[in-house]
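Below is data39.cif, which holds mmCIF, C-alpha atoms (C1' of nucleotides).
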```
data_query
loop_
_atom_site.label_atom_id
_atom_site.label_comp_id
_atom_site.auth_asym_id
_atom_site.auth_seq_id
_atom_site.Cartn_x
_atom_site.Cartn_y
_atom_site.Cartn_z
CA MET O 1 28.13 27.98 -1.69
CA ALA O 2 26.44 26.18 1.16
CA VAL O 3 23.44 23.90 0.77
CA ASP O 4 20.29 25.58 -0.34
CA ARG O 5 16.87 25.18 1.18
CA GLU O 6 15.62 22.66 -1.39
CA GLN O 7 18.66 20.44 -1.13
CA PHE O 8 18.23 20.35 2.60
CA LYS O 9 14.54 19.43 2.34
CA GLN O 10 15.44 16.60 0.01
CA LEU O 11 18.18 15.34 2.31
CA LEU O 12 15.71 15.23 5.17
CA LYS O 13 13.14 13.35 3.11
CA ASP O 14 15.73 10.87 1.87
CA LYS O 15 16.50 10.03 5.46
CA GLY O 16 12.84 9.67 6.39
CA LEU O 17 13.00 12.82 8.47
CA LYS O 18 10.36 15.50 8.42
CA VAL O 19 10.73 19.01 7.11
CA THR O 20 9.86 21.40 9.91
CA THR O 21 10.03 25.13 10.31
CA GLN O 22 12.44 24.73 13.19
CA ARG O 23 14.90 22.72 11.14
CA LEU O 24 14.81 25.17 8.28
CA LEU O 25 15.36 28.08 10.63
CA VAL O 26 18.30 26.48 12.39
CA LEU O 27 20.04 25.81 9.10
CA GLU O 28 19.26 29.31 7.95
CA ALA O 29 20.75 30.84 11.06
CA LEU O 30 23.98 28.95 10.44
CA ALA O 31 23.95 29.79 6.74
CA ALA O 32 23.45 33.46 7.54
CA CYS O 33 26.66 33.55 9.60
CA PRO O 34 29.28 31.69 7.58
CA ASP O 35 32.10 33.49 9.35
CA ARG O 36 30.91 33.40 12.89
CA HIS O 37 31.15 30.27 14.94
CA LEU O 38 27.83 29.82 16.58
CA ALA O 39 27.20 28.09 19.86
CA ALA O 40 23.88 26.29 20.34
CA GLU O 41 22.66 29.07 22.59
CA GLU O 42 23.45 31.68 19.95
CA ILE O 43 21.60 29.77 17.28
CA TYR O 44 18.70 29.47 19.70
CA GLU O 45 18.63 33.22 20.23
CA MET O 46 18.79 33.91 16.51
CA VAL O 47 15.95 31.55 15.67
CA LYS O 48 13.86 32.84 18.56
CA ALA O 49 13.77 36.25 16.90
CA ASP O 50 11.68 34.78 14.07
CA TYR O 51 10.07 31.93 15.91
CA PRO O 52 9.83 32.59 19.63
CA GLU O 53 8.30 29.25 20.58
CA ILE O 54 11.35 27.18 19.62
CA GLY O 55 13.05 25.31 22.44
CA LEU O 56 16.75 24.96 23.05
CA ALA O 57 16.43 21.17 22.98
CA THR O 58 15.17 21.35 19.42
CA VAL O 59 18.21 23.37 18.45
CA TYR O 60 20.49 20.72 19.91
CA ARG O 61 18.56 17.92 18.19
CA THR O 62 18.69 19.74 14.87
CA ILE O 63 22.41 20.32 15.20
CA GLN O 64 22.87 16.56 15.53
CA ILE O 65 21.00 16.02 12.27
CA LEU O 66 22.99 18.70 10.47
CA LEU O 67 26.22 17.13 11.66
CA GLU O 68 25.12 13.70 10.46
CA LEU O 69 24.22 15.16 7.07
CA HIS O 70 27.66 16.81 7.01
CA LEU O 71 26.07 20.18 6.43
CA ILE O 72 27.86 21.78 9.35
CA ASP O 73 31.19 21.34 11.11
CA ARG O 74 31.84 21.28 14.80
CA ILE O 75 34.63 23.39 16.24
CA ASN O 76 35.81 23.86 19.74
CA LEU O 77 37.39 27.17 20.60
CA ASP O 78 37.94 26.20 24.23
CA ASP O 79 35.56 28.79 25.56
CA GLY O 80 33.19 26.31 27.13
CA PHE O 81 30.83 26.01 24.18
CA VAL O 82 30.88 23.66 21.28
CA ARG O 83 30.48 25.78 18.17
CA TYR O 84 29.21 25.08 14.69
CA GLU O 85 29.63 26.58 11.27
CA ILE O 86 28.11 25.81 7.93
CA GLY O 87 30.22 23.65 5.63
CA ASN O 88 31.42 25.28 2.45
CA VAL O 89 30.47 22.48 0.11
CA GLY O 90 27.12 21.21 -0.94
CA MET O 91 27.48 17.53 -1.50
CA GLY O 92 30.39 16.49 0.63
CA THR O 93 32.76 15.55 -2.16
CA ALA O 94 35.39 18.22 -1.83
CA LYS O 95 36.94 19.01 1.51
CA HIS O 96 38.28 22.44 1.45
CA HIS O 97 38.68 23.21 5.07
CA HIS O 98 39.92 26.41 6.49
CA HIS O 99 41.97 26.93 9.60
CA HIS O 100 41.11 29.04 12.57
CA LEU O 101 43.35 31.82 13.76
CA ILE O 102 42.56 32.56 17.37
CA CYS O 103 43.88 35.80 18.82
CA MET O 104 45.21 35.22 22.32
CA ASN O 105 44.73 38.88 23.14
CA CYS O 106 41.32 39.93 21.86
CA GLY O 107 39.86 36.47 21.30
CA LYS O 108 38.77 37.20 17.77
CA VAL O 109 38.68 34.20 15.43
CA ASN O 110 39.63 34.54 11.80
CA SER O 111 39.67 31.91 9.12
CA PHE O 112 42.48 31.09 6.75
CA GLU O 113 42.06 29.05 3.59
CA ASP O 114 44.92 26.80 2.73
CA ASP O 115 45.69 23.44 1.22
CA LEU O 116 49.13 23.09 2.71
CA LEU O 117 48.03 20.21 4.86
CA GLU O 118 47.66 17.90 1.88
CA GLU O 119 51.41 17.48 2.05
CA LEU O 120 51.30 16.67 5.73
CA GLU O 121 48.47 14.21 5.24
CA GLU O 122 50.38 12.41 2.54
CA LYS O 123 53.45 12.22 4.74
CA ILE O 124 51.40 10.74 7.54
CA THR O 125 49.84 8.09 5.34
CA ARG O 126 53.25 7.19 3.97
CA THR O 127 54.99 6.89 7.33
CA THR O 128 52.26 5.64 9.65
CA GLY O 129 49.60 3.97 7.52
CA PHE O 130 46.99 6.25 9.03
CA HIS O 131 44.53 7.35 6.35
CA VAL O 132 43.54 10.97 6.90
CA ILE O 133 39.97 11.96 6.03
CA ASP O 134 39.57 15.31 7.65
CA HIS O 135 41.36 17.73 9.91
CA GLU O 136 40.88 20.59 12.29
CA VAL O 137 43.60 23.16 12.76
CA LYS O 138 43.66 25.88 15.35
CA LEU O 139 46.41 28.47 15.35
CA TYR O 140 46.89 30.57 18.45
CA GLY O 141 48.69 33.86 18.32
CA TYR O 142 48.14 37.59 17.94
CA CYS O 143 46.10 39.17 15.20
CA ALA O 144 47.34 42.12 13.15
CA GLU O 145 45.67 44.67 15.44
CA CYS O 146 46.86 43.13 18.69
CA GLY O 147 50.27 42.06 17.39
CA GLY O 148 51.70 45.58 17.38
CA LYS O 149 50.82 46.13 20.98
CA ILE O 150 52.65 43.04 22.13
CA ASP O 151 55.84 42.75 20.08
CA MET P 152 62.17 15.29 28.64
CA ALA P 153 59.39 16.72 30.73
CA VAL P 154 59.92 18.79 33.85
CA ASP P 155 61.43 16.96 36.75
CA ARG P 156 60.21 17.01 40.32
CA GLU P 157 62.73 19.58 41.51
CA GLN P 158 62.05 22.01 38.69
CA PHE P 159 58.37 21.81 39.46
CA LYS P 160 58.92 22.46 43.16
CA GLN P 161 60.97 25.50 42.29
CA LEU P 162 58.36 26.80 39.87
CA LEU P 163 55.75 26.53 42.59
CA LYS P 164 57.90 28.35 45.11
CA ASP P 165 58.74 31.09 42.63
CA LYS P 166 55.05 31.74 42.25
CA GLY P 167 54.45 31.75 45.99
CA LEU P 168 52.56 28.48 45.77
CA LYS P 169 53.00 25.63 48.16
CA VAL P 170 54.52 22.26 47.40
CA THR P 171 51.97 19.63 48.32
CA THR P 172 51.80 15.89 47.91
CA GLN P 173 48.67 16.25 45.78
CA ARG P 174 50.34 18.61 43.32
CA LEU P 175 53.36 16.36 42.96
CA LEU P 176 51.16 13.33 42.39
CA VAL P 177 49.03 15.02 39.74
CA LEU P 178 52.09 16.06 37.79
CA GLU P 179 53.55 12.59 38.19
CA ALA P 180 50.41 10.95 36.86
CA LEU P 181 50.60 13.11 33.75
CA ALA P 182 54.33 12.54 33.39
CA ALA P 183 53.79 8.79 33.67
CA CYS P 184 51.48 8.79 30.66
CA PRO P 185 53.12 10.97 28.02
CA ASP P 186 51.21 9.26 25.24
CA ARG P 187 47.80 9.01 26.76
CA HIS P 188 45.52 12.01 26.94
CA LEU P 189 44.18 12.10 30.42
CA ALA P 190 40.87 13.54 31.46
CA ALA P 191 40.60 15.06 34.94
CA GLU P 192 38.65 12.05 36.13
CA GLU P 193 41.36 9.68 34.91
CA ILE P 194 44.07 11.66 36.67
CA TYR P 195 41.92 11.57 39.77
CA GLU P 196 41.63 7.78 39.59
CA MET P 197 45.36 7.36 39.05
CA VAL P 198 46.32 9.55 41.98
CA LYS P 199 43.74 7.91 44.21
CA ALA P 200 45.61 4.63 43.87
CA ASP P 201 48.53 6.14 45.81
CA TYR P 202 46.67 8.73 47.79
CA PRO P 203 43.03 7.77 48.29
CA GLU P 204 42.01 10.90 50.17
CA ILE P 205 42.56 13.27 47.24
CA GLY P 206 39.46 15.08 45.95
CA LEU P 207 38.48 15.66 42.35
CA ALA P 208 38.34 19.40 42.96
CA THR P 209 42.01 19.40 43.90
CA VAL P 210 42.82 17.68 40.63
CA TYR P 211 40.97 20.38 38.71
CA ARG P 212 42.67 23.12 40.69
CA THR P 213 46.09 21.58 40.14
CA ILE P 214 45.44 21.25 36.41
CA GLN P 215 44.83 25.01 36.29
CA ILE P 216 48.20 25.64 37.90
CA LEU P 217 49.98 23.25 35.56
CA LEU P 218 48.40 24.97 32.57
CA GLU P 219 49.48 28.38 33.83
CA LEU P 220 53.01 27.10 34.32
CA HIS P 221 52.87 25.71 30.75
CA LEU P 222 53.83 22.29 32.02
CA ILE P 223 50.85 20.62 30.37
CA ASP P 224 48.77 21.15 27.26
CA ARG P 225 45.02 21.01 26.92
CA ILE P 226 43.48 19.01 24.11
CA ASN P 227 39.91 18.37 23.21
CA LEU P 228 39.13 15.11 21.49
CA ASP P 229 35.40 15.83 21.30
CA ASP P 230 34.48 13.02 23.62
CA GLY P 231 32.98 15.23 26.28
CA PHE P 232 36.11 15.57 28.37
CA VAL P 233 38.83 18.13 28.27
CA ARG P 234 42.08 16.20 28.22
CA TYR P 235 45.62 17.04 29.25
CA GLU P 236 49.08 15.84 28.42
CA ILE P 237 52.49 16.71 29.70
CA GLY P 238 54.45 19.17 27.59
CA ASN P 239 57.61 17.89 26.00
CA VAL P 240 59.84 20.77 26.97
CA GLY P 241 61.09 21.88 30.30
CA MET P 242 61.40 25.61 30.16
CA GLY P 243 58.93 26.65 27.52
CA THR P 244 61.41 27.97 25.00
CA ALA P 245 61.04 25.43 22.23
CA LYS P 246 57.63 24.53 20.91
CA HIS P 247 57.79 21.17 19.32
CA HIS P 248 54.20 20.18 19.15
CA HIS P 249 52.89 16.96 17.81
CA HIS P 250 49.64 16.35 16.02
CA HIS P 251 46.87 14.01 16.99
CA LEU P 252 45.66 11.30 14.68
CA ILE P 253 42.17 10.29 15.74
CA CYS P 254 40.78 7.05 14.35
CA MET P 255 37.15 7.50 13.37
CA ASN P 256 36.56 3.77 13.71
CA CYS P 257 38.23 2.60 16.92
CA GLY P 258 38.72 6.01 18.52
CA LYS P 259 42.38 5.43 19.25
CA VAL P 260 44.55 8.54 19.31
CA ASN P 261 48.10 8.48 18.04
CA SER P 262 50.61 11.28 17.92
CA PHE P 263 52.67 12.40 15.00
CA GLU P 264 55.72 14.60 15.26
CA ASP P 265 56.22 17.07 12.50
CA ASP P 266 57.43 20.56 11.80
CA LEU P 267 55.62 21.03 8.54
CA LEU P 268 53.40 23.69 10.02
CA GLU P 269 56.27 26.16 10.28
CA GLU P 270 55.76 26.78 6.60
CA LEU P 271 52.04 27.34 7.05
CA GLU P 272 52.66 29.66 9.99
CA GLU P 273 55.07 31.72 7.97
CA LYS P 274 52.60 31.95 5.11
CA ILE P 275 49.92 33.13 7.48
CA THR P 276 52.11 35.81 8.99
CA ARG P 277 53.11 36.98 5.53
CA THR P 278 49.60 37.18 4.12
CA THR P 279 47.46 38.14 7.10
CA GLY P 280 49.71 39.77 9.65
CA PHE P 281 48.57 37.27 12.26
CA HIS P 282 51.52 36.21 14.39
CA VAL P 283 51.27 32.51 15.22
CA ILE P 284 52.52 31.40 18.62
CA ASP P 285 51.12 27.92 18.97
CA HIS P 286 48.87 25.47 17.22
CA GLU P 287 46.69 22.45 17.72
CA VAL P 288 46.13 20.02 14.89
CA LYS P 289 43.69 17.14 14.89
CA LEU P 290 43.60 14.72 11.98
CA TYR P 291 40.60 12.46 11.65
CA GLY P 292 40.74 9.26 9.65
CA TYR P 293 41.38 5.55 9.94
CA CYS P 294 44.38 4.01 11.64
CA ALA P 295 46.45 1.28 10.04
CA GLU P 296 44.46 -1.50 11.73
CA CYS P 297 41.04 -0.09 10.92
CA GLY P 298 41.97 1.25 7.48
CA GLY P 299 42.01 -2.20 5.87
CA LYS P 300 38.54 -3.01 7.07
CA ILE P 301 37.04 0.12 5.56
CA ASP P 302 38.76 0.72 2.21
"C1'" DA J 303 51.86 31.78 63.36
"C1'" DT J 304 50.15 32.76 58.83
"C1'" DG J 305 48.47 32.13 54.78
"C1'" DT J 306 47.61 28.77 51.43
"C1'" DC J 307 45.61 24.32 50.30
"C1'" DT J 308 42.44 20.48 50.75
"C1'" DG J 309 38.17 17.66 50.76
"C1'" DC J 310 33.52 17.74 50.80
"C1'" DA J 311 29.25 19.16 49.26
"C1'" DA J 312 26.68 22.40 46.83
"C1'" DA J 313 26.16 25.11 42.82
"C1'" DG J 314 27.05 26.23 37.99
"C1'" DT J 315 27.19 25.17 32.97
"C1'" DT J 316 26.36 23.03 28.90
"C1'" DT J 317 23.97 19.25 26.80
"C1'" DT J 318 20.72 15.22 26.79
"C1'" DT J 319 16.47 12.75 27.70
"C1'" DG J 320 11.44 11.57 28.89
"C1'" DC J 321 6.93 12.58 27.99
"C1'" DA J 322 2.52 14.21 26.48
"C1'" DG J 323 0.83 16.97 23.02
"C1'" DT J 324 1.50 18.80 18.06
"C1'" DA J 325 2.61 18.79 13.42
"C1'" DA J 326 4.12 16.58 9.00
"C1'" DT J 327 3.33 13.01 5.61
"C1'" DA L 328 -4.12 7.87 10.42
"C1'" DT L 329 0.63 7.20 11.36
"C1'" DT L 330 4.82 8.37 12.74
"C1'" DA L 331 8.00 11.64 13.77
"C1'" DC L 332 8.82 16.13 16.06
"C1'" DT L 333 8.42 19.72 19.51
"C1'" DG L 334 8.59 22.20 23.98
"C1'" DC L 335 8.98 21.86 28.62
"C1'" DA L 336 11.03 20.33 32.62
"C1'" DA L 337 13.91 17.17 34.72
"C1'" DA L 338 18.21 14.78 34.52
"C1'" DA L 339 22.90 14.10 33.25
"C1'" DA L 340 27.65 15.18 32.88
"C1'" DC L 341 31.65 17.91 33.51
"C1'" DT L 342 33.67 21.64 36.09
"C1'" DT L 343 33.86 25.37 39.55
"C1'" DT L 344 33.16 27.42 44.05
"C1'" DG L 345 32.35 28.14 49.26
"C1'" DC L 346 33.75 26.87 53.52
"C1'" DA L 347 35.83 24.96 57.70
"C1'" DG L 348 39.59 22.28 58.92
"C1'" DA L 349 44.49 20.78 57.65
"C1'" DC L 350 48.98 21.52 55.99
"C1'" DA L 351 53.27 23.98 54.26
"C1'" DT L 352 56.38 27.58 55.20
#
```
With the file now loaded, output its structure as structure tokens.
Amino acid sequence: MAVDREQFKQLLKDKGLKVTTQRLLVLEALAACPDRHLAAEEIYEMVKADYPEIGLATVYRTIQILLELHLIDRINLDDGFVRYEIGNVGMGTAKHHHHHLICMNCGKVNSFEDDLLEELEEKITRTTGFHVIDHEVKLYGYCAECGGKID
Amino acid sequence: MAVDREQFKQLLKDKGLKVTTQRLLVLEALAACPDRHLAAEEIYEMVKADYPEIGLATVYRTIQILLELHLIDRINLDDGFVRYEIGNVGMGTAKHHHHHLICMNCGKVNSFEDDLLEELEEKITRTTGFHVIDHEVKLYGYCAECGGKID
DNA sequence: ATGTCTGCAAAGTTTTTGCAGTAAT
DNA sequence: ATTACTGCAAAAACTTTGCAGACAT
């Protein structure tokens, strides 16, 4: 569902950017883990397995490009790292975001697909004039496994 | 609506912590700006106006205490600072969170009160077993002033 | 009196930047 | 042949920590 290799190459060329092994590998690392939320350091470690000479700075620079191309999303799970995950649309038309369920006990992060926020967004536009483009929702609580132990 | 000075003093004592001028001033700075979202450095600057000898480290340490006492909330507006705002309940029973509307043009952050997420939380509990305790919602878009210029 | 708290400076983390060499077009 | 890109190391930026003196109880 995410961008494929050829689309990415074309996007780079369209922007006058060069297609490099490092850039392909960084995108691939993110595409390989659609459900994890990778920090720059983790991406770096993953790419290093295939391409040991890559530098962490290149990973950070590539992440900037991927963000500008809207191929990945930034999320902050308040653990001291900024994290990234591959977007689930190719061309940026749809926005079908998911929410993050963060377990306050075990720290595990699950995703939840939902469109319920459309209603909220409409209400906001109606009452405040603010035009919503995108959103990020984090829900803190206890996951199914941890929930039993607490309640 | 936020905690008052005496409640705070009592909370500190109950925890075996000492009541100091610095701690009172940090809380007061946050209480004085319920609608801004203060970074540690900003709190530091505000307190320094009244009490120039305070150190930034003390501000950080006090923030930790206030978070543990649930007197303030942490928010991350992706601008490189962790920000804090005073909670809008005294004793932590109710949770009446607001959402943050972040203008992608001028960067201004407005708040929006709403309980629409109760429905989403219930849906999540029903379908996933995850028990939601709290949430943080960030909505990105264009504020009323900037909206006209873009659309 | 005692135990905590403070300010300062140093250290720790994550992320960014400068530069000379390397690779892509 | 250009022009952009990379890796390294240094710098930057935010936050935490160690310590000796100061303050609250």
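Going from atom CA of Asn239 of chain P to atom CA of Leu116 of chain O covers 25.3 Å.
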Which residues of chain J have any atom within 8 Å of an atom in chain P when counting only C-alpha atoms (C1' of nucleotides), and what is the closest pair of atoms for each, with the distance in Å to one decimal? Order the rows by chain and rising number and write it as CSV.
```
residue,atom,partner,partner_atom,distance
J:DT306,C1',P:Lys169,CA,7.0
J:DC307,C1',P:Lys169,CA,7.8
J:DT308,C1',P:Thr209,CA,6.9
J:DG309,C1',P:Gly206,CA,5.6
```
Export, as a short mmCIF file (atom, residue, chain, number, x, y, z; two decimals), in the frame of the given file, the selected residues with C-alpha atoms (C1' of nucleotides).
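Once written, again.cif looks like this:
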```
data_model
loop_
_atom_site.label_atom_id
_atom_site.label_comp_id
_atom_site.auth_asym_id
_atom_site.auth_seq_id
_atom_site.Cartn_x
_atom_site.Cartn_y
_atom_site.Cartn_z
"C1'" DT J 306 47.61 28.77 51.43
"C1'" DC J 307 45.61 24.32 50.30
"C1'" DT J 308 42.44 20.48 50.75
"C1'" DG J 309 38.17 17.66 50.76
#
```
Checklist entry - Which distance in Å separates atom CA of Ile214 of chain P and atom CA of Leu252 of chain P, to one decimal? => result 23.9 Å
Write out the coordinates of chain P as a short mmCIF file (atom, residue, chain, number, x, y, z; two decimals) with C-alpha atoms, keeping the file's coordinate frame after a least-squares overlay onto chain O built on all ordered Cα pairs.
```
data_model
loop_
_atom_site.label_atom_id
_atom_site.label_comp_id
_atom_site.auth_asym_id
_atom_site.auth_seq_id
_atom_site.Cartn_x
_atom_site.Cartn_y
_atom_site.Cartn_z
CA MET P 152 28.18 27.81 -1.68
CA ALA P 153 26.46 26.08 1.17
CA VAL P 154 23.44 23.83 0.78
CA ASP P 155 20.30 25.53 -0.34
CA ARG P 156 16.87 25.16 1.18
CA GLU P 157 15.62 22.67 -1.39
CA GLN P 158 18.64 20.40 -1.12
CA PHE P 159 18.21 20.33 2.62
CA LYS P 160 14.52 19.45 2.36
CA GLN P 161 15.39 16.61 0.04
CA LEU P 162 18.12 15.33 2.34
CA LEU P 163 15.65 15.25 5.19
CA LYS P 164 13.06 13.39 3.15
CA ASP P 165 15.63 10.89 1.92
CA LYS P 166 16.39 10.05 5.51
CA GLY P 167 12.73 9.74 6.44
CA LEU P 168 12.91 12.90 8.51
CA LYS P 169 10.31 15.59 8.47
CA VAL P 170 10.70 19.09 7.12
CA THR P 171 9.85 21.49 9.90
CA THR P 172 10.03 25.23 10.28
CA GLN P 173 12.46 24.84 13.18
CA ARG P 174 14.91 22.76 11.15
CA LEU P 175 14.84 25.21 8.27
CA LEU P 176 15.41 28.14 10.60
CA VAL P 177 18.35 26.51 12.37
CA LEU P 178 20.07 25.80 9.09
CA GLU P 179 19.31 29.31 7.90
CA ALA P 180 20.82 30.85 11.02
CA LEU P 181 24.03 28.93 10.41
CA ALA P 182 24.01 29.75 6.71
CA ALA P 183 23.54 33.43 7.52
CA CYS P 184 26.74 33.51 9.55
CA PRO P 185 29.35 31.62 7.54
CA ASP P 186 32.18 33.40 9.31
CA ARG P 187 30.97 33.34 12.85
CA HIS P 188 31.20 30.21 14.93
CA LEU P 189 27.87 29.79 16.56
CA ALA P 190 27.23 28.09 19.85
CA ALA P 191 23.90 26.31 20.33
CA GLU P 192 22.70 29.11 22.57
CA GLU P 193 23.51 31.71 19.92
CA ILE P 194 21.64 29.78 17.25
CA TYR P 195 18.75 29.52 19.67
CA GLU P 196 18.71 33.29 20.19
CA MET P 197 18.88 33.97 16.46
CA VAL P 198 16.02 31.64 15.62
CA LYS P 199 13.94 32.96 18.49
CA ALA P 200 13.89 36.36 16.82
CA ASP P 201 11.79 34.90 13.99
CA TYR P 202 10.16 32.07 15.84
CA PRO P 203 9.94 32.77 19.57
CA GLU P 204 8.37 29.46 20.54
CA ILE P 205 11.38 27.34 19.58
CA GLY P 206 13.07 25.44 22.43
CA LEU P 207 16.77 25.06 23.05
CA ALA P 208 16.42 21.29 22.99
CA THR P 209 15.15 21.44 19.43
CA VAL P 210 18.21 23.43 18.45
CA TYR P 211 20.47 20.77 19.94
CA ARG P 212 18.52 18.00 18.25
CA THR P 213 18.65 19.78 14.90
CA ILE P 214 22.40 20.33 15.24
CA GLN P 215 22.82 16.56 15.59
CA ILE P 216 20.95 16.02 12.34
CA LEU P 217 22.95 18.67 10.52
CA LEU P 218 26.18 17.08 11.71
CA GLU P 219 25.05 13.66 10.53
CA LEU P 220 24.15 15.11 7.14
CA HIS P 221 27.62 16.73 7.06
CA LEU P 222 26.05 20.11 6.44
CA ILE P 223 27.86 21.71 9.37
CA ASP P 224 31.17 21.28 11.13
CA ARG P 225 31.85 21.22 14.83
CA ILE P 226 34.65 23.31 16.25
CA ASN P 227 35.83 23.80 19.76
CA LEU P 228 37.40 27.12 20.60
CA ASP P 229 37.98 26.20 24.24
CA ASP P 230 35.58 28.78 25.55
CA GLY P 231 33.22 26.30 27.13
CA PHE P 232 30.88 26.00 24.18
CA VAL P 233 30.89 23.62 21.30
CA ARG P 234 30.52 25.74 18.19
CA TYR P 235 29.22 25.04 14.70
CA GLU P 236 29.65 26.50 11.27
CA ILE P 237 28.12 25.75 7.94
CA GLY P 238 30.19 23.56 5.64
CA ASN P 239 31.40 25.14 2.45
CA VAL P 240 30.41 22.34 0.12
CA GLY P 241 27.06 21.07 -0.90
CA MET P 242 27.41 17.38 -1.46
CA GLY P 243 30.33 16.39 0.69
CA THR P 244 32.69 15.40 -2.08
CA ALA P 245 35.31 18.10 -1.79
CA LYS P 246 36.88 18.89 1.54
CA HIS P 247 38.23 22.36 1.46
CA HIS P 248 38.67 23.14 5.08
CA HIS P 249 39.91 26.36 6.48
CA HIS P 250 41.95 26.90 9.59
CA HIS P 251 41.09 29.00 12.58
CA LEU P 252 43.32 31.79 13.76
CA ILE P 253 42.52 32.51 17.39
CA CYS P 254 43.82 35.75 18.86
CA MET P 255 45.16 35.16 22.35
CA ASN P 256 44.63 38.81 23.21
CA CYS P 257 41.21 39.85 21.91
CA GLY P 258 39.80 36.37 21.34
CA LYS P 259 38.70 37.11 17.81
CA VAL P 260 38.64 34.14 15.45
CA ASN P 261 39.57 34.50 11.82
CA SER P 262 39.64 31.87 9.13
CA PHE P 263 42.42 31.09 6.75
CA GLU P 264 42.03 29.06 3.59
CA ASP P 265 44.88 26.83 2.69
CA ASP P 266 45.69 23.47 1.20
CA LEU P 267 49.13 23.13 2.68
CA LEU P 268 48.04 20.24 4.84
CA GLU P 269 47.68 17.94 1.85
CA GLU P 270 51.42 17.55 1.99
CA LEU P 271 51.35 16.74 5.69
CA GLU P 272 48.53 14.26 5.18
CA GLU P 273 50.44 12.49 2.47
CA LYS P 274 53.53 12.32 4.66
CA ILE P 275 51.50 10.82 7.45
CA THR P 276 49.97 8.17 5.23
CA ARG P 277 53.39 7.31 3.86
CA THR P 278 55.13 7.00 7.21
CA THR P 279 52.43 5.71 9.53
CA GLY P 280 49.79 4.04 7.42
CA PHE P 281 47.14 6.27 8.94
CA HIS P 282 44.68 7.36 6.27
CA VAL P 283 43.64 10.97 6.83
CA ILE P 284 40.08 11.91 5.96
CA ASP P 285 39.63 15.26 7.62
CA HIS P 286 41.42 17.69 9.86
CA GLU P 287 40.93 20.53 12.27
CA VAL P 288 43.63 23.12 12.74
CA LYS P 289 43.67 25.84 15.35
CA LEU P 290 46.41 28.45 15.34
CA TYR P 291 46.87 30.55 18.44
CA GLY P 292 48.64 33.88 18.34
CA TYR P 293 48.05 37.59 17.97
CA CYS P 294 45.98 39.19 15.24
CA ALA P 295 47.20 42.14 13.22
CA GLU P 296 45.53 44.67 15.53
CA CYS P 297 46.74 43.12 18.77
CA GLY P 298 50.16 42.08 17.45
CA GLY P 299 51.53 45.64 17.50
CA LYS P 300 50.61 46.15 21.11
CA ILE P 301 52.45 43.05 22.26
CA ASP P 302 55.66 42.79 20.21
#
```
Next on the checklist: Need to verify the contact set: DA337 of chain L, 12 Å, all atoms listed in the file, exclusion of same-chain residues closer than 3 positions in sequence. Can you return it as number ranges by chain?
Outcome noted: J: 318-321
Item to check | At most 10 Å to chain P: residues in chain L, all atoms listed in the file, as an MDAnalysis selection string | outcome: chainID L and resid 340:344 350:352
Can I get the selection written as a PDB file, in the coordinates of the input, with C-alpha atoms (C1' of nucleotides)?
```
ATOM      1  C1'  DA L 340      27.650  15.180  32.880  1.00  0.00           C
ATOM      2  C1'  DC L 341      31.650  17.910  33.510  1.00  0.00           C
ATOM      3  C1'  DT L 342      33.670  21.640  36.090  1.00  0.00           C
ATOM      4  C1'  DT L 343      33.860  25.370  39.550  1.00  0.00           C
ATOM      5  C1'  DT L 344      33.160  27.420  44.050  1.00  0.00           C
ATOM      6  C1'  DC L 350      48.980  21.520  55.990  1.00  0.00           C
ATOM      7  C1'  DA L 351      53.270  23.980  54.260  1.00  0.00           C
ATOM      8  C1'  DT L 352      56.380  27.580  55.200  1.00  0.00           C
TER       9       DT L 352
END
```
May I have a table of the residues of chain O lying at most 7 Å from chain P, giving each one's closest pair of atoms and their distance in Å to one decimal, counting only C-alpha atoms, ordered by chain and ascending residue number, as CSV?
```
residue,atom,partner,partner_atom,distance
O:Leu116,CA,P:Leu271,CA,6.7
O:Leu120,CA,P:Leu267,CA,6.8
O:Gly129,CA,P:Ala295,CA,4.8
O:Phe130,CA,P:Cys294,CA,4.3
O:His131,CA,P:Tyr293,CA,5.1
O:Val132,CA,P:Gly292,CA,4.3
O:Ile133,CA,P:Gly292,CA,4.6
O:Asp134,CA,P:Tyr291,CA,5.0
O:His135,CA,P:Leu290,CA,4.3
O:Glu136,CA,P:Lys289,CA,5.2
O:Val137,CA,P:Val288,CA,4.6
O:Lys138,CA,P:Glu287,CA,5.2
O:Leu139,CA,P:His286,CA,4.3
O:Tyr140,CA,P:Asp285,CA,5.0
O:Gly141,CA,P:Val283,CA,4.3
O:Tyr142,CA,P:His282,CA,5.1
O:Cys143,CA,P:Phe281,CA,4.3
O:Ala144,CA,P:Gly280,CA,4.8
O:Gly147,CA,P:His282,CA,6.7
```
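If you count all atoms listed in the file and ignore residues fewer than 3 places along the chain from segment 174-181 of chain P, what sits within 8 Å of it is Arg156, Val170, Thr171, Cys184, Pro185, Leu189, Ile194, Tyr195, Met197, Val198, Val210, Thr213, Ile214, Leu217, Tyr235, Glu236 and Ile237 of chain P.
Here the PyMOL selection byres ((chain J and resi 322) around 12) catches exactly these residues: DG320, DC321, DG323 and DT324 of chain J; DT333, DG334 and DC335 of chain L.
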Next on the checklist: Expand the PyMOL selection byres ((chain L and resi 347) around 12) into the explicit residue set it covers here, and present it as an MDAnalysis selection string.
Outcome noted: (chainID J and resid 308:310) or (chainID L and resid 345:346 348:349)
Dump C-alpha atoms (C1' of nucleotides) for the selected residues as a compact mmCIF listing (two decimals), in the frame of the given file?
```txt
# COMPACT_ATOMS: atom_id res chain seq x y z
C1' DT J 308 42.44 20.48 50.75
C1' DG J 309 38.17 17.66 50.76
C1' DC J 310 33.52 17.74 50.80
C1' DG L 345 32.35 28.14 49.26
C1' DC L 346 33.75 26.87 53.52
C1' DG L 348 39.59 22.28 58.92
C1' DA L 349 44.49 20.78 57.65
```
